[in-house]
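Colleague: Dropping a structure here in structure tokens format, bear with me for questions.
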Amino acid sequence: MAEPAKQSRQVEKVRIMGELERGLDHVDKILATGKTDVELDFSACTFISVDGLEWLEEFLLRADSLKSTVTFVNVQSPVYKVFKVAHIDSLMRACGSPNQDAQGLVC
């Protein structure tokens, strides 16, 4: 039996403000609907804690299981460096990098 064509999904855009020190309930709720893809805008993000990184990684895993796409945009250089140092492939893919060894700022 053929798989049904993926319906056109809306993209919910969320701006990360200030420090990302823990999970964001409103973003988790958006993903839980299963009806949307998510774009996280990091232009105003000033800091990411270990808990924030862990939440992002878990968020990306949940999105993958729901067949939702999550993209990161406007990632500033200090935050991008944290992503690279963390060596978490899913974070780098969300930035648009095919792998964590990609050169240059892709977000």
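Here, A, B, ... name the chains of the structure tokens in the order displayed, residue numbers run from 1 inside each chain, and ligands are numbered from 1 in the same displayed order.
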Show me, as a compact mmCIF listing (two decimals) with C-alpha atoms, in the first residue's frame, the residues that have an atom within 6 Å of stretch 40-42 of chain A when counting only C-alpha atoms, minus same-chain residues fewer than 6 positions from it.

Modeller:
# COMPACT_ATOMS: atom_id res chain seq x y z
CA VAL A 14 9.38 31.05 17.65
CA ARG A 15 11.99 33.57 18.75
CA ILE A 16 14.25 32.44 21.58
CA PHE A 72 17.28 26.95 13.59
CA VAL A 73 17.75 30.40 12.07
CA ASN A 74 19.79 33.48 12.94
CA VAL A 75 22.11 31.60 15.28

Colleague: Considering only C-alpha atoms, return as an mmCIF file with N, CA and C atoms, in the first residue's frame whatever protein or nucleic-acid residues lie within 9 Å of A:Phe59, sequence-local ones (same chain, fewer than 5 positions apart) excluded.

Modeller:
data_model
loop_
_atom_site.group_PDB
_atom_site.id
_atom_site.type_symbol
_atom_site.label_atom_id
_atom_site.label_comp_id
_atom_site.auth_asym_id
_atom_site.auth_seq_id
_atom_site.Cartn_x
_atom_site.Cartn_y
_atom_site.Cartn_z
ATOM 1 N N GLY A 23 13.906 23.863 29.174
ATOM 2 C CA GLY A 23 12.922 23.688 28.117
ATOM 3 C C GLY A 23 11.894 24.805 28.101
ATOM 4 N N VAL A 27 6.854 25.975 23.415
ATOM 5 C CA VAL A 27 7.412 25.364 22.204
ATOM 6 C C VAL A 27 7.101 23.867 22.193
ATOM 7 N N ASP A 28 7.203 23.230 23.358
ATOM 8 C CA ASP A 28 6.836 21.814 23.453
ATOM 9 C C ASP A 28 5.372 21.603 23.064
ATOM 10 N N LEU A 31 4.871 21.698 19.270
ATOM 11 C CA LEU A 31 5.295 20.447 18.642
ATOM 12 C C LEU A 31 4.305 19.323 18.920
ATOM 13 N N GLU A 54 20.340 20.057 26.292
ATOM 14 C CA GLU A 54 19.662 18.767 26.426
ATOM 15 C C GLU A 54 18.208 18.864 25.980
ATOM 16 N N ASP A 64 11.420 14.559 15.286
ATOM 17 C CA ASP A 64 11.703 13.509 14.308
ATOM 18 C C ASP A 64 10.674 12.388 14.409
ATOM 19 N N VAL A 70 12.325 20.739 12.285
ATOM 20 C CA VAL A 70 12.732 21.863 13.122
ATOM 21 C C VAL A 70 13.969 22.476 12.487
#

Colleague: Could you please determine the separation between atom CA of A:Met92 and atom CA of A:Ile30 in Å, to one decimal place?

Modeller: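 Separation of atom CA of A:Met92 and atom CA of A:Ile30: 21.6 Å.
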
Colleague: Considering only C-alpha atoms, return as a PyMOL selection string whatever protein or nucleic-acid residues lie within 8 Å of A:Leu20, sequence-local ones (same chain, fewer than 2 positions apart) excluded.

Modeller: chain A and resi 16-18+22-23+45-49+52

Colleague: With N, CA and C atoms kept, could you save the residues just selected as a compact mmCIF listing (two decimals), in the first residue's frame?

Modeller:
# COMPACT_ATOMS: atom_id res chain seq x y z
N ILE A 16 13.66 32.74 20.29
CA ILE A 16 14.25 32.44 21.58
C ILE A 16 14.81 33.75 22.15
N MET A 17 14.28 34.16 23.28
CA MET A 17 14.67 35.44 23.87
C MET A 17 15.62 35.21 25.05
N GLY A 18 16.73 35.93 25.06
CA GLY A 18 17.65 35.88 26.21
C GLY A 18 18.31 34.53 26.38
N ARG A 22 16.53 26.17 30.13
CA ARG A 22 15.69 24.99 30.35
C ARG A 22 14.72 24.89 29.17
N GLY A 23 13.91 23.86 29.17
CA GLY A 23 12.92 23.69 28.12
C GLY A 23 11.89 24.80 28.10
N CYS A 45 18.97 35.14 21.33
CA CYS A 45 19.45 34.20 22.35
C CYS A 45 20.87 34.59 22.74
N THR A 46 21.09 34.78 24.03
CA THR A 46 22.39 35.25 24.51
C THR A 46 23.22 34.18 25.21
N PHE A 47 22.59 33.07 25.58
CA PHE A 47 23.28 32.04 26.36
C PHE A 47 22.49 30.75 26.29
N ILE A 48 23.20 29.61 26.27
CA ILE A 48 22.54 28.31 26.34
C ILE A 48 23.25 27.48 27.40
N SER A 49 22.49 26.99 28.37
CA SER A 49 23.03 26.13 29.42
C SER A 49 23.05 24.68 28.94
N GLY A 52 19.60 23.58 28.60
CA GLY A 52 19.03 24.08 27.35
C GLY A 52 19.45 23.23 26.16

Colleague: As a PyMOL selection string, list the residues of chain A assigned to strand (DSSP E) by DSSP on the backbone atoms of this structure.

Modeller: chain A and resi 10-20+36-48+70-73

Colleague: Go through A:Val50, A:Ala94, A:Val82, A:Ile88 and flag the residue nearest A:Val38, using only C-alpha atoms for the distances.

Modeller: A:Ala94

Colleague: Kindly indicate which residue among A:Arg9, A:Leu53, A:Ala44, A:Glu58 lies nearest to A:Lys84, using only C-alpha atoms for the distances.

Modeller: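 Checking each of A:Arg9, A:Leu53, A:Ala44, A:Glu58 against A:Lys84, counting only C-alpha atoms, the winner is A:Leu53.
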
Colleague: Give me every alpha helix (DSSP H) residue in chain A, going by DSSP on the backbone, as a compact mmCIF listing (two decimals) with C-alpha atoms, in the first residue's frame.

Modeller:
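New file out_6.txt:
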# COMPACT_ATOMS: atom_id res chain seq x y z
CA ASP A 25 6.77 24.71 27.54
CA HIS A 26 5.04 26.78 24.85
CA VAL A 27 7.41 25.36 22.20
CA ASP A 28 6.84 21.81 23.45
CA LYS A 29 3.07 22.39 23.17
CA ILE A 30 3.43 23.62 19.59
CA LEU A 31 5.30 20.45 18.64
CA ALA A 32 2.85 18.21 20.52
CA VAL A 50 23.64 22.38 29.44
CA ASP A 51 19.97 21.92 30.34
CA GLY A 52 19.03 24.08 27.35
CA LEU A 53 21.20 21.94 25.05
CA GLU A 54 19.66 18.77 26.43
CA TRP A 55 16.16 20.14 25.89
CA LEU A 56 17.01 21.10 22.29
CA GLU A 57 18.35 17.60 21.62
CA GLU A 58 15.24 15.95 23.12
CA PHE A 59 13.00 18.40 21.26
CA LEU A 60 14.64 17.43 17.97
CA LEU A 61 14.18 13.72 18.77
CA ARG A 62 10.48 14.25 19.50
CA ALA A 63 10.09 16.28 16.31
CA ASP A 64 11.70 13.51 14.31
CA SER A 65 9.33 10.92 15.78
CA SER A 77 28.38 33.04 16.49
CA PRO A 78 28.76 32.42 20.28
CA VAL A 79 25.71 30.13 20.33
CA TYR A 80 26.82 28.35 17.15
CA LYS A 81 30.19 27.68 18.79
CA VAL A 82 28.38 26.05 21.73
CA PHE A 83 26.52 23.82 19.26
CA LYS A 84 29.80 22.82 17.59
CA VAL A 85 31.58 22.13 20.88
CA ALA A 86 28.64 20.02 22.08
CA ASP A 89 24.69 16.10 15.20
CA SER A 90 20.97 16.87 15.39
CA LEU A 91 21.70 20.47 16.48
CA MET A 92 24.04 20.98 13.55
CA ARG A 93 21.52 19.49 11.10
CA ALA A 94 18.85 21.87 12.44

Colleague: Rounded to one decimal, what separation in Å do you get between atom CA of A:Glu21 and atom CA of A:Gln76?

Modeller: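 Taking atom CA of A:Glu21 as the start and atom CA of A:Gln76 as the end point, the length is 16.6 Å.
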
Colleague: Report, in Å to a single decimal, how far apart atom CA of A:Thr69 and atom CA of A:Glu12 are.

Modeller: 10.4 Å

Colleague: Any idea what's packed within 8 Å of A:Val11, counting only C-alpha atoms, ignoring anything in its chain fewer than 6 positions away? Could you give it as a ChimeraX atom specification?

Modeller: /A:36-39
